[in-house]
Amino acid sequence: MAANPSDFRSNPADLVAAVDLGSNSFRMLVAQAVNTPSGTQLRPIDTLRESVRLAGGLTENKLLGNDAYQRGLIAIRRFGERIRGFDPSRVRAVATNTLRVAKNAAQFVKDAEEALGFPIEVIAGVEEARLIYIGAAHEVPAVHGNRLVVDIGGGSTELIIGKSYEPKLMESLYIGCVSHSMRFFPKGNIDTHAFKEAELAARREIQVISGAYLKSGWKQVIGSSGTARALAELIAENNFNGQADGLLMGRVNGASGLITRDGLRAMKKHLLKYEHVNHVELAGLKDDRRAVWPGGLAIMIAVFDELGIESMEVTDAALRIGVLYDLLGRSQHHDMRYVTVEQFMQRYAVDREQAHRVGDLAGEFLAQLPKSEVESRADNIALLQWAANLHEIGLSISHNGYHKHSAYIAGNADMPGFSKNDQARLAALLIGHTGKLGKLASNPNFHDWRMLFCLRLAQVLCRGRSDEDLPKVKVSEYDGSYAVSLSKDWTSEHPLTEFSLQKEAAEWERIGRSYKVGLR
């Protein structure tokens, strides 16, 4: 007997929600997290979808036009009503390609967060690919060996090869059904030459990665989310596969459809009978997909041709499912960000003892400072520890100005599990953990002063790179001013550290923040 959604309202603590602000559609999934002997499972209980066409609203100057801007906010307000009252730790909202490239994305995200009532993360393309794979891997039948997952979104296409639940190769290409349709089929006009150009352009993008992907190989091909599902449904309803039960076969195998090379060719042949998308007669073609499916079709054909694919199963599971499993993993101490930091420490030969020494001391200082009502202390401690673990990765490039190299790596590298905002905060802590503070002081988006104070103080005290003879230090903070108290006897035996603390105080004073060093 099917469960009634109202049955789940009695235990809202079990509910989790994912919001996906895509380039074509905004989507939300509310699910119940159910613990089983085999692990946590998600039972979807509510979904919302709004066709926003955010990518279609980008101007030539890469600005979100007002119409798309307002469509997005209206949809997000509706989502916000549905998840009002949810625990913030049970909600994760992510934004993808269009908000990665739009120049006014920061303002839109700020307005969207107010409308939604929860933080929104703009995630990198590789992070989007990772989450897509996690979602697909949890929803399709297991396979021995590698699987290839393809997700054609509105502004980008993600291709991932993985095994079991672990992605191995991840790429995000700047081709999507909306952007491709706008570029090659402006105003909905269709012709053979334009379609050929659309295919070739997509193939050129895929060629960059095809060698490594073909070398890795796969046993199973999965198409995820909107474009793949829409193409599978059109192929099935119009019998382009040459078998009326194609869609049913896909569903029996655990997916929600089937795409074949022959089916794509037949669909292309049918499309090119028409001169405009509004004139196309096709069973199952939805109005909100009509303008963008030619671009999606061209990209999918290019994927099949370039990677030698004959057939692809399709699943509804995609980014939103992956976001929820990743969210649950964080709550169950399987946070991918810890894995990423560990890999970076290994890659850049970090002095682990020093990193942990600085991190532990910085954490002790933060614990002494007051906690505001809106602060997530656990999240900030984690970020502070990651900053300590990575603060010396720039030494692998040069000792001179190493903090700048550390910050550049953290701000620009692919870091699975980290959002763009995570990386920006991390990079700011790394650039500011030593040296001058002027640039951060002039950055209106930097707010982690308390954490930076703790990190800088720990770095000064740990200069000797030894656990022996570290002082007992008390710290306090009031209204942006800081005070450090330590033993007079200890400082008399450590004149370099005392001198460094006085220089540190002077640096904070230069940016208008009081910093007192007291001896007891």
# chains A, B, ... in the order shown; residues from 1 in each chain; ligands from 1
call {"tool": "residues_around", "arguments": {"residues": "stretch 460-476 of chain A", "least_positions_apart": "6", "cutoff": "12 Å", "atoms": "only C-alpha atoms", "output": "ChimeraX atom specification"}}
result
/A:351-371,388,433-435,450,453-454,482-505,514-520
call {"tool": "select_by_dssp", "arguments": {"residues": "stretch 159-403 of chain A", "states": "alpha helix (DSSP H)", "output": "VMD selection string"}}
result
chain A and resid 177 to 184 192 to 216 225 to 237 246 to 252 261 to 271 287 to 290 293 to 307 319 to 331 336 to 347 352 to 368 377 to 390 402 to 403
call {"tool": "write_last_selection", "arguments": {"atoms": "C-alpha atoms", "output": "short mmCIF file (atom, residue, chain, number, x, y, z; two decimals), in the first residue's frame"}}
result
data_model
loop_
_atom_site.label_atom_id
_atom_site.label_comp_id
_atom_site.auth_asym_id
_atom_site.auth_seq_id
_atom_site.Cartn_x
_atom_site.Cartn_y
_atom_site.Cartn_z
CA CYS A 177 20.35 22.45 -24.18
CA VAL A 178 19.41 26.11 -23.57
CA SER A 179 22.71 27.73 -24.54
CA HIS A 180 23.12 25.42 -27.57
CA SER A 181 19.57 26.08 -28.77
CA MET A 182 20.04 29.84 -28.43
CA ARG A 183 23.34 29.71 -30.30
CA PHE A 184 22.41 27.46 -33.22
CA THR A 192 20.16 21.12 -41.78
CA HIS A 193 23.27 23.33 -41.79
CA ALA A 194 22.57 24.76 -38.33
CA PHE A 195 21.98 21.29 -36.89
CA LYS A 196 25.22 20.01 -38.39
CA GLU A 197 27.09 22.97 -36.88
CA ALA A 198 25.46 22.29 -33.50
CA GLU A 199 26.61 18.66 -33.60
CA LEU A 200 30.15 19.56 -34.64
CA ALA A 201 30.48 22.21 -31.96
CA ALA A 202 29.40 19.71 -29.30
CA ARG A 203 31.75 17.05 -30.68
CA ARG A 204 34.68 19.46 -30.49
CA GLU A 205 34.01 19.95 -26.78
CA ILE A 206 33.69 16.22 -26.14
CA GLN A 207 36.83 15.38 -28.13
CA VAL A 208 38.95 17.02 -25.44
CA ILE A 209 38.00 14.30 -22.95
CA SER A 210 37.02 11.38 -25.19
CA GLY A 211 40.48 9.76 -25.23
CA ALA A 212 40.70 9.36 -21.45
CA TYR A 213 37.08 8.24 -21.22
CA LEU A 214 37.36 5.63 -23.94
CA LYS A 215 40.56 4.33 -22.35
CA SER A 216 38.77 3.91 -19.01
CA SER A 225 17.63 14.18 -15.48
CA GLY A 226 15.72 16.49 -17.80
CA THR A 227 17.15 16.37 -21.31
CA ALA A 228 17.85 12.63 -21.30
CA ARG A 229 14.44 11.85 -19.85
CA ALA A 230 12.66 14.11 -22.35
CA LEU A 231 14.49 12.53 -25.30
CA ALA A 232 13.74 9.01 -24.03
CA GLU A 233 10.05 9.81 -23.70
CA LEU A 234 9.88 11.33 -27.19
CA ILE A 235 11.70 8.36 -28.71
CA ALA A 236 9.32 5.92 -27.00
CA GLU A 237 6.05 7.76 -27.67
CA GLY A 246 11.15 0.77 -25.54
CA LEU A 247 10.08 2.93 -22.63
CA LEU A 248 8.58 -0.02 -20.79
CA MET A 249 11.80 -2.00 -21.22
CA GLY A 250 13.76 0.83 -19.67
CA ARG A 251 11.47 0.96 -16.67
CA VAL A 252 11.65 -2.77 -16.13
CA ARG A 261 21.52 5.65 -31.62
CA ASP A 262 18.80 4.69 -34.14
CA GLY A 263 16.20 6.52 -32.08
CA LEU A 264 18.25 9.72 -32.05
CA ARG A 265 18.81 9.54 -35.81
CA ALA A 266 15.11 9.02 -36.43
CA MET A 267 14.24 11.97 -34.19
CA LYS A 268 16.76 14.19 -36.00
CA LYS A 269 15.31 13.17 -39.38
CA HIS A 270 11.83 14.05 -38.14
CA LEU A 271 12.97 17.39 -36.73
CA ASP A 287 5.65 23.26 -24.44
CA ASP A 288 8.34 24.07 -21.86
CA ARG A 289 10.77 21.80 -23.73
CA ARG A 290 9.91 22.79 -27.29
CA TRP A 293 15.15 20.21 -27.20
CA PRO A 294 16.89 20.74 -30.60
CA GLY A 295 20.06 21.84 -28.78
CA GLY A 296 19.76 18.94 -26.36
CA LEU A 297 19.25 16.51 -29.23
CA ALA A 298 22.35 17.79 -31.05
CA ILE A 299 24.47 17.42 -27.91
CA MET A 300 23.17 13.92 -27.21
CA ILE A 301 23.92 12.79 -30.77
CA ALA A 302 27.43 14.22 -30.40
CA VAL A 303 27.89 12.30 -27.14
CA PHE A 304 26.77 9.05 -28.78
CA ASP A 305 28.96 9.56 -31.86
CA GLU A 306 32.09 10.78 -30.10
CA LEU A 307 32.03 8.10 -27.38
CA LEU A 319 21.69 16.26 -9.02
CA ARG A 320 18.96 16.57 -6.38
CA ILE A 321 19.30 12.95 -5.25
CA GLY A 322 23.06 13.32 -5.13
CA VAL A 323 22.75 16.52 -3.09
CA LEU A 324 20.59 14.74 -0.52
CA TYR A 325 22.85 11.70 -0.20
CA ASP A 326 25.83 14.02 0.14
CA LEU A 327 23.95 16.06 2.75
CA LEU A 328 23.18 12.91 4.72
CA GLY A 329 26.80 11.84 4.37
CA ARG A 330 27.91 15.08 5.99
CA SER A 331 25.57 14.50 8.94
CA MET A 336 33.59 14.59 1.01
CA ARG A 337 35.33 17.82 1.98
CA TYR A 338 37.46 15.98 4.55
CA VAL A 339 38.54 13.54 1.84
CA THR A 340 39.42 16.40 -0.50
CA VAL A 341 41.51 18.19 2.13
CA GLU A 342 43.32 14.94 2.92
CA GLN A 343 44.12 14.47 -0.78
CA PHE A 344 45.44 18.04 -1.03
CA MET A 345 47.64 17.55 2.04
CA GLN A 346 49.12 14.47 0.42
CA ARG A 347 49.52 16.08 -3.00
CA ARG A 352 50.95 17.31 9.00
CA GLU A 353 52.21 17.81 12.52
CA GLN A 354 52.45 21.55 11.99
CA ALA A 355 49.07 21.71 10.27
CA HIS A 356 47.37 19.87 13.13
CA ARG A 357 49.28 21.93 15.70
CA VAL A 358 48.03 25.19 14.19
CA GLY A 359 44.52 23.82 13.69
CA ASP A 360 44.16 22.53 17.23
CA LEU A 361 45.36 25.80 18.75
CA ALA A 362 43.16 27.90 16.48
CA GLY A 363 40.19 25.75 17.43
CA GLU A 364 40.92 26.27 21.13
CA PHE A 365 40.94 30.03 20.61
CA LEU A 366 37.64 30.00 18.69
CA ALA A 367 36.04 27.97 21.48
CA GLN A 368 36.92 30.78 23.92
CA ARG A 377 30.12 26.90 15.31
CA ALA A 378 30.61 23.31 14.11
CA ASP A 379 30.80 24.46 10.47
CA ASN A 380 33.23 27.25 11.35
CA ILE A 381 35.48 24.92 13.35
CA ALA A 382 35.58 22.57 10.36
CA LEU A 383 36.47 25.43 8.00
CA LEU A 384 39.14 26.65 10.42
CA GLN A 385 40.67 23.17 10.59
CA TRP A 386 40.69 22.89 6.79
CA ALA A 387 42.39 26.28 6.55
CA ALA A 388 45.03 25.15 9.04
CA ASN A 389 45.55 21.90 7.17
CA LEU A 390 46.05 23.74 3.87
CA TYR A 402 53.59 31.21 -0.05
CA HIS A 403 50.27 32.30 1.50
#
call {"tool": "select_by_dssp", "arguments": {"residues": "stretch 232-473 of chain A", "states": "strand (DSSP E)", "output": "PyMOL selection string"}}
result
chain A and resi 257-260+311-315
call {"tool": "write_last_selection", "arguments": {"atoms": "N, CA and C atoms", "output": "mmCIF file, in the first residue's frame"}}
result
data_model
loop_
_atom_site.group_PDB
_atom_site.id
_atom_site.type_symbol
_atom_site.label_atom_id
_atom_site.label_comp_id
_atom_site.auth_asym_id
_atom_site.auth_seq_id
_atom_site.Cartn_x
_atom_site.Cartn_y
_atom_site.Cartn_z
ATOM 1 N N GLY A 257 13.573 5.055 -18.988
ATOM 2 C CA GLY A 257 13.516 5.190 -20.426
ATOM 3 C C GLY A 257 14.754 4.629 -21.082
ATOM 4 N N LEU A 258 14.764 4.679 -22.411
ATOM 5 C CA LEU A 258 15.865 4.127 -23.181
ATOM 6 C C LEU A 258 16.109 5.016 -24.394
ATOM 7 N N ILE A 259 17.380 5.368 -24.618
ATOM 8 C CA ILE A 259 17.772 6.131 -25.793
ATOM 9 C C ILE A 259 18.713 5.260 -26.612
ATOM 10 N N THR A 260 18.451 5.152 -27.901
ATOM 11 C CA THR A 260 19.331 4.396 -28.788
ATOM 12 C C THR A 260 19.862 5.310 -29.881
ATOM 13 N N SER A 311 23.431 2.556 -26.918
ATOM 14 C CA SER A 311 22.184 2.716 -26.178
ATOM 15 C C SER A 311 22.476 3.253 -24.786
ATOM 16 N N MET A 312 21.492 3.911 -24.221
ATOM 17 C CA MET A 312 21.644 4.564 -22.919
ATOM 18 C C MET A 312 20.347 4.399 -22.136
ATOM 19 N N GLU A 313 20.463 3.883 -20.911
ATOM 20 C CA GLU A 313 19.319 3.867 -20.009
ATOM 21 C C GLU A 313 19.168 5.241 -19.365
ATOM 22 N N VAL A 314 17.962 5.593 -19.020
ATOM 23 C CA VAL A 314 17.697 6.928 -18.463
ATOM 24 C C VAL A 314 17.077 6.791 -17.084
ATOM 25 N N THR A 315 17.539 7.618 -16.163
ATOM 26 C CA THR A 315 16.984 7.642 -14.811
ATOM 27 C C THR A 315 16.539 9.047 -14.454
#
call {"tool": "atom_distance", "arguments": {"atom1": "atom CA of A:Gly188", "atom2": "atom CA of A:Val292"}}
result
8.6 Å
call {"tool": "closest_residue", "arguments": {"among": "A:Ile222, A:Val280, A:Leu148, A:Ile160", "to": "A:Asp316", "atoms": "only C-alpha atoms"}}
result
A:Ile222
call {"tool": "residues_around", "arguments": {"residues": "A:Leu440", "least_positions_apart": "5", "cutoff": "12 Å", "atoms": "only C-alpha atoms", "output": "VMD selection string"}}
result
chain A and resid 425 427 to 435 445 to 449 452 508 511
call {"tool": "closest_atom_pairs", "arguments": {"of": "stretch 159-270 of chain A", "to": "stretch 78-100 of chain A", "cutoff": "10 Å", "atoms": "only C-alpha atoms", "output": "JSON lines"}}
result
{"residue": "A:Ser172", "atom": "CA", "partner": "A:Asn97", "partner_atom": "CA", "distance": 9.4}
{"residue": "A:Leu173", "atom": "CA", "partner": "A:Asn97", "partner_atom": "CA", "distance": 9.8}
{"residue": "A:Tyr174", "atom": "CA", "partner": "A:Asn97", "partner_atom": "CA", "distance": 8.2}
{"residue": "A:Ile175", "atom": "CA", "partner": "A:Asn97", "partner_atom": "CA", "distance": 9.9}
{"residue": "A:Gly176", "atom": "CA", "partner": "A:Asn97", "partner_atom": "CA", "distance": 9.3}
{"residue": "A:Ser179", "atom": "CA", "partner": "A:Thr98", "partner_atom": "CA", "distance": 9.7}
call {"tool": "write_last_selection", "arguments": {"atoms": "C-alpha atoms", "output": "PDB file, in the first residue's frame"}}
result
ATOM      1  CA  SER A 172      31.761  19.564 -16.974  1.00  0.00           C
ATOM      2  CA  LEU A 173      31.547  20.968 -20.516  1.00  0.00           C
ATOM      3  CA  TYR A 174      30.100  24.370 -21.378  1.00  0.00           C
ATOM      4  CA  ILE A 175      27.407  23.041 -23.690  1.00  0.00           C
ATOM      5  CA  GLY A 176      23.770  22.785 -22.614  1.00  0.00           C
ATOM      6  CA  SER A 179      22.714  27.727 -24.542  1.00  0.00           C
TER       7      SER A 179
END
